[in-house]
file protein27.pdb (PDB, C-alpha atoms)
MODEL        1
ATOM      1  CA  MET A   1     -15.842  -0.177  34.655
ATOM      2  CA  GLU A   2     -19.514  -0.887  34.063
ATOM      3  CA  LYS A   3     -22.498   1.456  33.894
ATOM      4  CA  VAL A   4     -26.047   0.520  34.920
ATOM      5  CA  LEU A   5     -28.892   2.191  32.995
ATOM      6  CA  VAL A   6     -32.529   1.576  33.991
ATOM      7  CA  GLY A   7     -31.724  -1.800  35.440
ATOM      8  CA  VAL A   8     -29.720  -2.893  32.396
ATOM      9  CA  ARG A   9     -26.050  -3.675  32.856
ATOM     10  CA  VAL A  10     -24.019  -2.172  29.989
ATOM     11  CA  SER A  11     -20.288  -2.741  29.736
ATOM     12  CA  SER A  12     -18.175   0.276  28.794
ATOM     13  CA  LYS A  13     -15.580  -2.028  27.232
ATOM     14  CA  LYS A  14     -15.546  -2.141  23.437
ATOM     15  CA  PRO A  15     -16.230  -5.611  22.009
ATOM     16  CA  LYS A  16     -13.174  -7.269  20.499
ATOM     17  CA  VAL A  17     -13.139  -7.144  16.703
ATOM     18  CA  GLN A  18     -12.021 -10.283  14.912
ATOM     19  CA  THR A  19      -9.505  -9.608  12.161
ATOM     20  CA  ARG A  20     -10.483 -11.625   9.100
ATOM     21  CA  GLY A  21      -8.242 -10.168   6.437
ATOM     22  CA  LEU A  22      -5.128  -8.138   5.690
ATOM     23  CA  LEU A  23      -4.989  -5.470   2.985
ATOM     24  CA  VAL A  24      -1.334  -5.137   2.109
ATOM     25  CA  ASP A  25       0.345  -2.391   0.113
ATOM     26  CA  PHE A  26       2.973  -3.570  -2.394
ATOM     27  CA  ASP A  27       5.785  -1.058  -3.030
ATOM     28  CA  GLY A  28       7.726  -0.271   0.118
ATOM     29  CA  THR A  29       5.578  -2.586   2.237
ATOM     30  CA  LEU A  30       5.833  -6.081   0.774
ATOM     31  CA  VAL A  31       8.646  -5.443  -1.713
ATOM     32  CA  ASP A  32      11.807  -3.354  -1.496
ATOM     33  CA  SER A  33      11.182  -1.061  -4.464
ATOM     34  CA  VAL A  34      11.041   2.508  -3.186
ATOM     35  CA  ALA A  35      14.785   3.257  -3.422
ATOM     36  CA  PRO A  36      15.142   2.175  -7.096
ATOM     37  CA  LEU A  37      11.875   3.915  -8.017
ATOM     38  CA  LYS A  38      13.090   7.116  -6.372
ATOM     39  CA  ARG A  39      16.375   6.837  -8.274
ATOM     40  CA  LEU A  40      14.414   6.385 -11.526
ATOM     41  CA  PHE A  41      12.339   9.486 -10.759
ATOM     42  CA  LEU A  42      15.397  11.651 -10.171
ATOM     43  CA  ASN A  43      17.397  10.246 -13.096
ATOM     44  CA  PHE A  44      14.486  10.583 -15.527
ATOM     45  CA  LEU A  45      14.131  14.275 -14.749
ATOM     46  CA  ALA A  46      17.912  14.772 -14.815
ATOM     47  CA  ALA A  47      18.033  13.264 -18.325
ATOM     48  CA  GLN A  48      15.746  16.122 -19.421
ATOM     49  CA  GLY A  49      18.056  18.691 -17.816
ATOM     50  CA  LEU A  50      15.703  19.061 -14.842
ATOM     51  CA  LYS A  51      16.362  18.774 -11.125
ATOM     52  CA  GLY A  52      13.800  16.870  -9.112
ATOM     53  CA  GLY A  53      13.888  16.466  -5.376
ATOM     54  CA  ALA A  54      13.652  13.458  -3.075
ATOM     55  CA  ASP A  55      11.035  15.344  -1.063
ATOM     56  CA  GLU A  56       8.907  15.698  -4.210
ATOM     57  CA  PHE A  57       9.117  11.943  -4.793
ATOM     58  CA  ASP A  58       8.119  11.321  -1.180
ATOM     59  CA  ARG A  59       5.027  13.537  -1.554
ATOM     60  CA  LEU A  60       3.951  11.655  -4.682
ATOM     61  CA  ASN A  61       4.849   8.199  -3.349
ATOM     62  CA  GLY A  62       1.841   5.917  -3.122
ATOM     63  CA  MET A  63      -0.048   7.535  -6.001
ATOM     64  CA  ALA A  64      -0.566   5.741  -9.308
ATOM     65  CA  ILE A  65       2.202   6.541 -11.789
ATOM     66  CA  ARG A  66      -0.426   7.265 -14.465
ATOM     67  CA  GLU A  67      -1.712  10.034 -12.181
ATOM     68  CA  VAL A  68       1.770  11.281 -11.290
ATOM     69  CA  LEU A  69       3.183  11.614 -14.814
ATOM     70  CA  PRO A  70       0.643  14.243 -16.036
ATOM     71  CA  LEU A  71       1.521  16.327 -12.964
ATOM     72  CA  LEU A  72       5.202  16.114 -13.873
ATOM     73  CA  ARG A  73       4.492  16.916 -17.530
ATOM     74  CA  GLU A  74       2.634  20.059 -16.541
ATOM     75  CA  LYS A  75       5.072  21.182 -13.842
ATOM     76  CA  TYR A  76       8.234  20.653 -15.913
ATOM     77  CA  ALA A  77       6.736  21.364 -19.365
ATOM     78  CA  LEU A  78       7.808  17.936 -20.644
ATOM     79  CA  PRO A  79       7.501  17.701 -24.444
ATOM     80  CA  TRP A  80       5.415  14.523 -24.715
ATOM     81  CA  SER A  81       1.751  13.618 -24.489
ATOM     82  CA  ASP A  82       0.614  11.753 -21.383
ATOM     83  CA  GLU A  83       0.646   8.476 -23.318
ATOM     84  CA  GLU A  84       4.122   9.041 -24.792
ATOM     85  CA  LEU A  85       5.437   9.946 -21.364
ATOM     86  CA  TRP A  86       3.881   6.816 -19.879
ATOM     87  CA  LEU A  87       5.453   4.562 -22.523
ATOM     88  CA  ARG A  88       8.905   6.064 -21.916
ATOM     89  CA  TYR A  89       8.601   5.734 -18.133
ATOM     90  CA  ARG A  90       7.008   2.284 -18.267
ATOM     91  CA  ASP A  91      10.060   0.692 -19.879
ATOM     92  CA  HIS A  92      12.247   1.903 -17.024
ATOM     93  CA  ILE A  93       9.790   0.617 -14.403
ATOM     94  CA  HIS A  94       9.675  -2.765 -16.125
ATOM     95  CA  GLN A  95      13.464  -3.059 -15.968
ATOM     96  CA  ILE A  96      13.492  -2.152 -12.279
ATOM     97  CA  TYR A  97      10.944  -4.814 -11.349
ATOM     98  CA  CYS A  98      12.760  -7.414 -13.442
ATOM     99  CA  ASN A  99      16.291  -6.680 -12.246
ATOM    100  CA  GLU A 100      16.332  -4.785  -8.957
ATOM    101  CA  VAL A 101      13.206  -5.286  -6.869
ATOM    102  CA  LYS A 102      13.088  -8.111  -4.327
ATOM    103  CA  PRO A 103      10.581  -9.046  -1.612
ATOM    104  CA  PHE A 104      11.489  -7.718   1.801
ATOM    105  CA  ALA A 105      13.074 -10.279   4.097
ATOM    106  CA  GLY A 106      10.291 -12.189   5.814
ATOM    107  CA  ALA A 107       7.637 -11.383   3.195
ATOM    108  CA  ARG A 108       6.981 -15.031   2.363
ATOM    109  CA  GLU A 109       6.825 -16.013   6.031
ATOM    110  CA  PHE A 110       4.443 -13.120   6.655
ATOM    111  CA  LEU A 111       2.027 -14.281   3.963
ATOM    112  CA  GLU A 112       2.341 -17.897   5.081
ATOM    113  CA  GLY A 113       1.675 -16.818   8.669
ATOM    114  CA  ALA A 114      -1.452 -14.979   7.574
ATOM    115  CA  ALA A 115      -2.700 -18.114   5.794
ATOM    116  CA  GLN A 116      -1.987 -20.260   8.856
ATOM    117  CA  ARG A 117      -4.091 -17.874  10.945
ATOM    118  CA  GLY A 118      -6.970 -18.086   8.478
ATOM    119  CA  LEU A 119      -6.575 -14.498   7.292
ATOM    120  CA  ARG A 120      -7.532 -13.525   3.750
ATOM    121  CA  VAL A 121      -4.960 -11.365   1.992
ATOM    122  CA  ALA A 122      -5.372  -8.747  -0.723
ATOM    123  CA  ILE A 123      -2.581  -6.743  -2.302
ATOM    124  CA  VAL A 124      -3.857  -3.159  -2.616
ATOM    125  CA  THR A 125      -1.530  -1.083  -4.745
ATOM    126  CA  SER A 126      -1.301   1.945  -6.991
ATOM    127  CA  SER A 127       1.138  -0.023  -9.129
ATOM    128  CA  MET A 128       0.145  -1.724 -12.387
ATOM    129  CA  ALA A 129      -1.220  -5.267 -12.548
ATOM    130  CA  GLU A 130       1.328  -6.335 -15.177
ATOM    131  CA  PHE A 131       4.197  -5.598 -12.787
ATOM    132  CA  VAL A 132       2.614  -6.844  -9.574
ATOM    133  CA  LYS A 133       1.171 -10.127 -10.794
ATOM    134  CA  SER A 134       4.288 -11.171 -12.708
ATOM    135  CA  PHE A 135       6.417 -10.337  -9.661
ATOM    136  CA  LEU A 136       4.231 -12.439  -7.360
ATOM    137  CA  VAL A 137       4.451 -15.384  -9.767
ATOM    138  CA  LYS A 138       8.228 -14.992 -10.123
ATOM    139  CA  TYR A 139       8.712 -15.332  -6.370
ATOM    140  CA  ASP A 140       5.955 -17.926  -5.895
ATOM    141  CA  LEU A 141       3.920 -15.577  -3.713
ATOM    142  CA  ASP A 142       0.790 -15.556  -5.863
ATOM    143  CA  ARG A 143      -0.552 -18.707  -4.174
ATOM    144  CA  LEU A 144      -0.488 -16.872  -0.823
ATOM    145  CA  VAL A 145      -2.617 -13.932  -2.023
ATOM    146  CA  ASP A 146      -6.393 -14.062  -2.472
ATOM    147  CA  CYS A 147      -6.681 -11.073  -4.809
ATOM    148  CA  VAL A 148      -4.716  -8.185  -6.262
ATOM    149  CA  ILE A 149      -6.360  -4.763  -6.480
ATOM    150  CA  THR A 150      -4.420  -2.339  -8.682
ATOM    151  CA  SER A 151      -4.842   1.229  -9.880
ATOM    152  CA  GLU A 152      -6.348   0.215 -13.239
ATOM    153  CA  ARG A 153      -9.506  -0.935 -11.474
ATOM    154  CA  VAL A 154     -10.453   2.450 -10.007
ATOM    155  CA  VAL A 155     -10.943   5.934 -11.445
ATOM    156  CA  ARG A 156      -8.645   7.494  -8.835
ATOM    157  CA  SER A 157      -6.062   5.656  -6.800
ATOM    158  CA  LYS A 158      -4.510   6.491  -3.417
ATOM    159  CA  PRO A 159      -5.101   8.726  -1.483
ATOM    160  CA  ASP A 160      -8.684   8.310  -2.736
ATOM    161  CA  PRO A 161     -10.445   5.544  -0.746
ATOM    162  CA  ALA A 162     -11.877   3.763  -3.818
ATOM    163  CA  ILE A 163      -9.099   1.198  -4.119
ATOM    164  CA  TYR A 164      -9.540   0.065  -0.505
ATOM    165  CA  GLN A 165     -13.311   0.094  -0.802
ATOM    166  CA  LEU A 166     -12.962  -2.248  -3.780
ATOM    167  CA  ALA A 167     -10.657  -4.583  -1.851
ATOM    168  CA  VAL A 168     -13.123  -4.721   1.057
ATOM    169  CA  ALA A 169     -16.003  -5.500  -1.311
ATOM    170  CA  GLU A 170     -14.019  -8.169  -3.137
ATOM    171  CA  LEU A 171     -13.145 -10.102   0.023
ATOM    172  CA  GLY A 172     -16.617  -9.580   1.450
ATOM    173  CA  PHE A 173     -16.049  -8.607   5.085
ATOM    174  CA  LEU A 174     -16.762  -5.388   6.968
ATOM    175  CA  PRO A 175     -14.096  -2.667   6.757
ATOM    176  CA  SER A 176     -13.550  -3.005  10.514
ATOM    177  CA  GLU A 177     -12.668  -6.693  10.080
ATOM    178  CA  PHE A 178      -9.552  -5.883   8.062
ATOM    179  CA  ILE A 179      -6.193  -4.393   8.863
ATOM    180  CA  ALA A 180      -4.452  -2.317   6.194
ATOM    181  CA  ILE A 181      -0.648  -2.137   6.152
ATOM    182  CA  GLU A 182       0.871   0.911   4.464
ATOM    183  CA  ASP A 183       4.186   2.772   4.249
ATOM    184  CA  SER A 184       3.162   6.035   2.539
ATOM    185  CA  VAL A 185       1.017   8.988   3.552
ATOM    186  CA  SER A 186      -1.121   8.574   0.428
ATOM    187  CA  GLY A 187      -1.731   4.921   1.238
ATOM    188  CA  LEU A 188      -2.518   5.574   4.884
ATOM    189  CA  LYS A 189      -5.035   8.285   3.956
ATOM    190  CA  SER A 190      -6.675   5.972   1.400
ATOM    191  CA  ALA A 191      -7.176   3.103   3.845
ATOM    192  CA  LEU A 192      -8.370   5.355   6.659
ATOM    193  CA  ALA A 193     -10.864   7.121   4.399
ATOM    194  CA  ALA A 194     -12.290   3.699   3.493
ATOM    195  CA  GLY A 195     -12.875   2.983   7.186
ATOM    196  CA  VAL A 196     -10.196   0.291   7.440
ATOM    197  CA  PRO A 197      -8.121   0.051  10.650
ATOM    198  CA  THR A 198      -4.608   0.853   9.513
ATOM    199  CA  LEU A 199      -1.032   0.170  10.595
ATOM    200  CA  ALA A 200       1.935   2.224   9.403
ATOM    201  CA  LEU A 201       4.848  -0.074   8.594
ATOM    202  CA  LEU A 202       7.893   2.124   9.163
ATOM    203  CA  ARG A 203      11.182   0.395   8.579
ATOM    204  CA  GLU A 204      14.496   1.429  10.045
ATOM    205  CA  ARG A 205      15.206   5.184   9.797
ATOM    206  CA  MET A 206      11.835   5.850   8.148
ATOM    207  CA  THR A 207       9.805   8.846   9.291
ATOM    208  CA  LEU A 208       6.349   9.926   8.144
ATOM    209  CA  ASN A 209       3.972  12.699   9.077
ATOM    210  CA  LEU A 210       1.241  10.232  10.031
ATOM    211  CA  PRO A 211      -2.366  11.199   9.333
ATOM    212  CA  SER A 212      -4.806  11.136  12.223
ATOM    213  CA  GLY A 213      -6.438   7.773  12.869
ATOM    214  CA  VAL A 214      -3.527   5.383  12.318
ATOM    215  CA  MET A 215      -3.859   2.575  14.889
ATOM    216  CA  ALA A 216      -0.150   2.089  15.503
ATOM    217  CA  THR A 217       3.259   2.023  13.884
ATOM    218  CA  VAL A 218       5.094  -1.270  13.437
ATOM    219  CA  THR A 219       8.533  -2.098  12.066
ATOM    220  CA  THR A 220       8.274  -5.802  11.183
ATOM    221  CA  PHE A 221       5.881  -8.272   9.579
ATOM    222  CA  GLU A 222       5.863 -10.234  12.832
ATOM    223  CA  GLU A 223       4.368  -7.235  14.641
ATOM    224  CA  VAL A 224       1.601  -7.022  12.039
ATOM    225  CA  LEU A 225       0.618 -10.650  12.640
ATOM    226  CA  GLU A 226       0.763 -10.195  16.410
ATOM    227  CA  PHE A 227      -1.427  -7.102  16.160
ATOM    228  CA  SER A 228      -4.004  -8.962  14.066
ATOM    229  CA  GLN A 229      -4.426 -11.526  16.839
ATOM    230  CA  ARG A 230      -4.746  -9.206  19.826
ATOM    231  CA  ARG A 231      -7.000  -6.465  18.446
TER     232      ARG A 231
ENDMDL
END
call {"tool": "encode", "arguments": {"input": "protein27.pdb", "output": "structure tokens"}}
result
Amino acid sequence: MEKVLVGVRVSSKKPKVQTRGLLVDFDGTLVDSVAPLKRLFLNFLAAQGLKGGADEFDRLNGMAIREVLPLLREKYALPWSDEELWLRYRDHIHQIYCNEVKPFAGAREFLEGAAQRGLRVAIVTSSMAEFVKSFLVKYDLDRLVDCVITSERVVRSKPDPAIYQLAVAELGFLPSEFIAIEDSVSGLKSALAAGVPTLALLRERMTLNLPSGVMATVTTFEEVLEFSQRR
């Protein structure tokens, strides 16, 4: 429907926005790491004679581990400094990424499809650069990614918007010209607060209490690429 104001014809349809880049979360979105990381969380606390809960892990999922560990130290009165706790936990994370974590099926094809469509790609993650970059090289995915934005580069990671704001600035487009793909509440809130149109990638049997503003939920990489072309 069109409206006419003072002799000027104004369309009520919103102009189509061209998607120029994808901002892709790492853990749980591009790589299948959430289950082993949750197991590490529960086992680490159990080794101290403490009982953690899967729901607690889910609430913290998406935040930087360097921000999570001080919360655990305070809550459970763990006997180490923040740095000692990080060094203990880091070794376990390193082993998980080396031995257990794999890209999700279709991850390579997804990144190749983005490149074929002329889309820039940034990995935007609360994980650590040492884990992410070595993983991408190991699976020959680094050549398909334009930049990697990790938690070390911001003061506060997800759900704070700073990490997405940095990704937008690094690739040089408007926030509205990107699509963010996230699987956690913290990640979704971070992208939305940065003004980036955001998809929730919910795999089989996943449920999330989605924050207001999420464009849509998708279940496959193919749907993400289709959405980027029809927005």
call {"tool": "closest_residue", "arguments": {"input": "protein27.pdb", "among": "A:Tyr139, A:Phe110, A:Tyr164, A:Tyr89", "to": "A:Ser151", "atoms": "all atoms listed in the file"}}
result
A:Tyr164
call {"tool": "closest_residue", "arguments": {"input": "protein27.pdb", "among": "A:Gly195, A:Gly187, A:Pro211, A:Pro36", "to": "A:Leu60", "atoms": "only C-alpha atoms"}}
result
A:Gly187
call {"tool": "closest_residue", "arguments": {"input": "protein27.pdb", "among": "A:Asn209, A:Asn61, A:Thr219, A:Thr198", "to": "A:Ser157", "atoms": "all atoms listed in the file"}}
result
A:Asn61
call {"tool": "closest_residue", "arguments": {"input": "protein27.pdb", "among": "A:Pro175, A:Pro197, A:Pro161, A:Gly62", "to": "A:Gly213", "atoms": "all atoms listed in the file"}}
result
A:Pro197
call {"tool": "atom_distance", "arguments": {"input": "protein27.pdb", "atom1": "atom CA of A:Lys158", "atom2": "atom CA of A:Leu202"}}
result
18.2 Å
call {"tool": "atom_distance", "arguments": {"input": "protein27.pdb", "atom1": "atom CA of A:Leu141", "atom2": "atom CA of A:Arg108"}}
result
6.8 Å
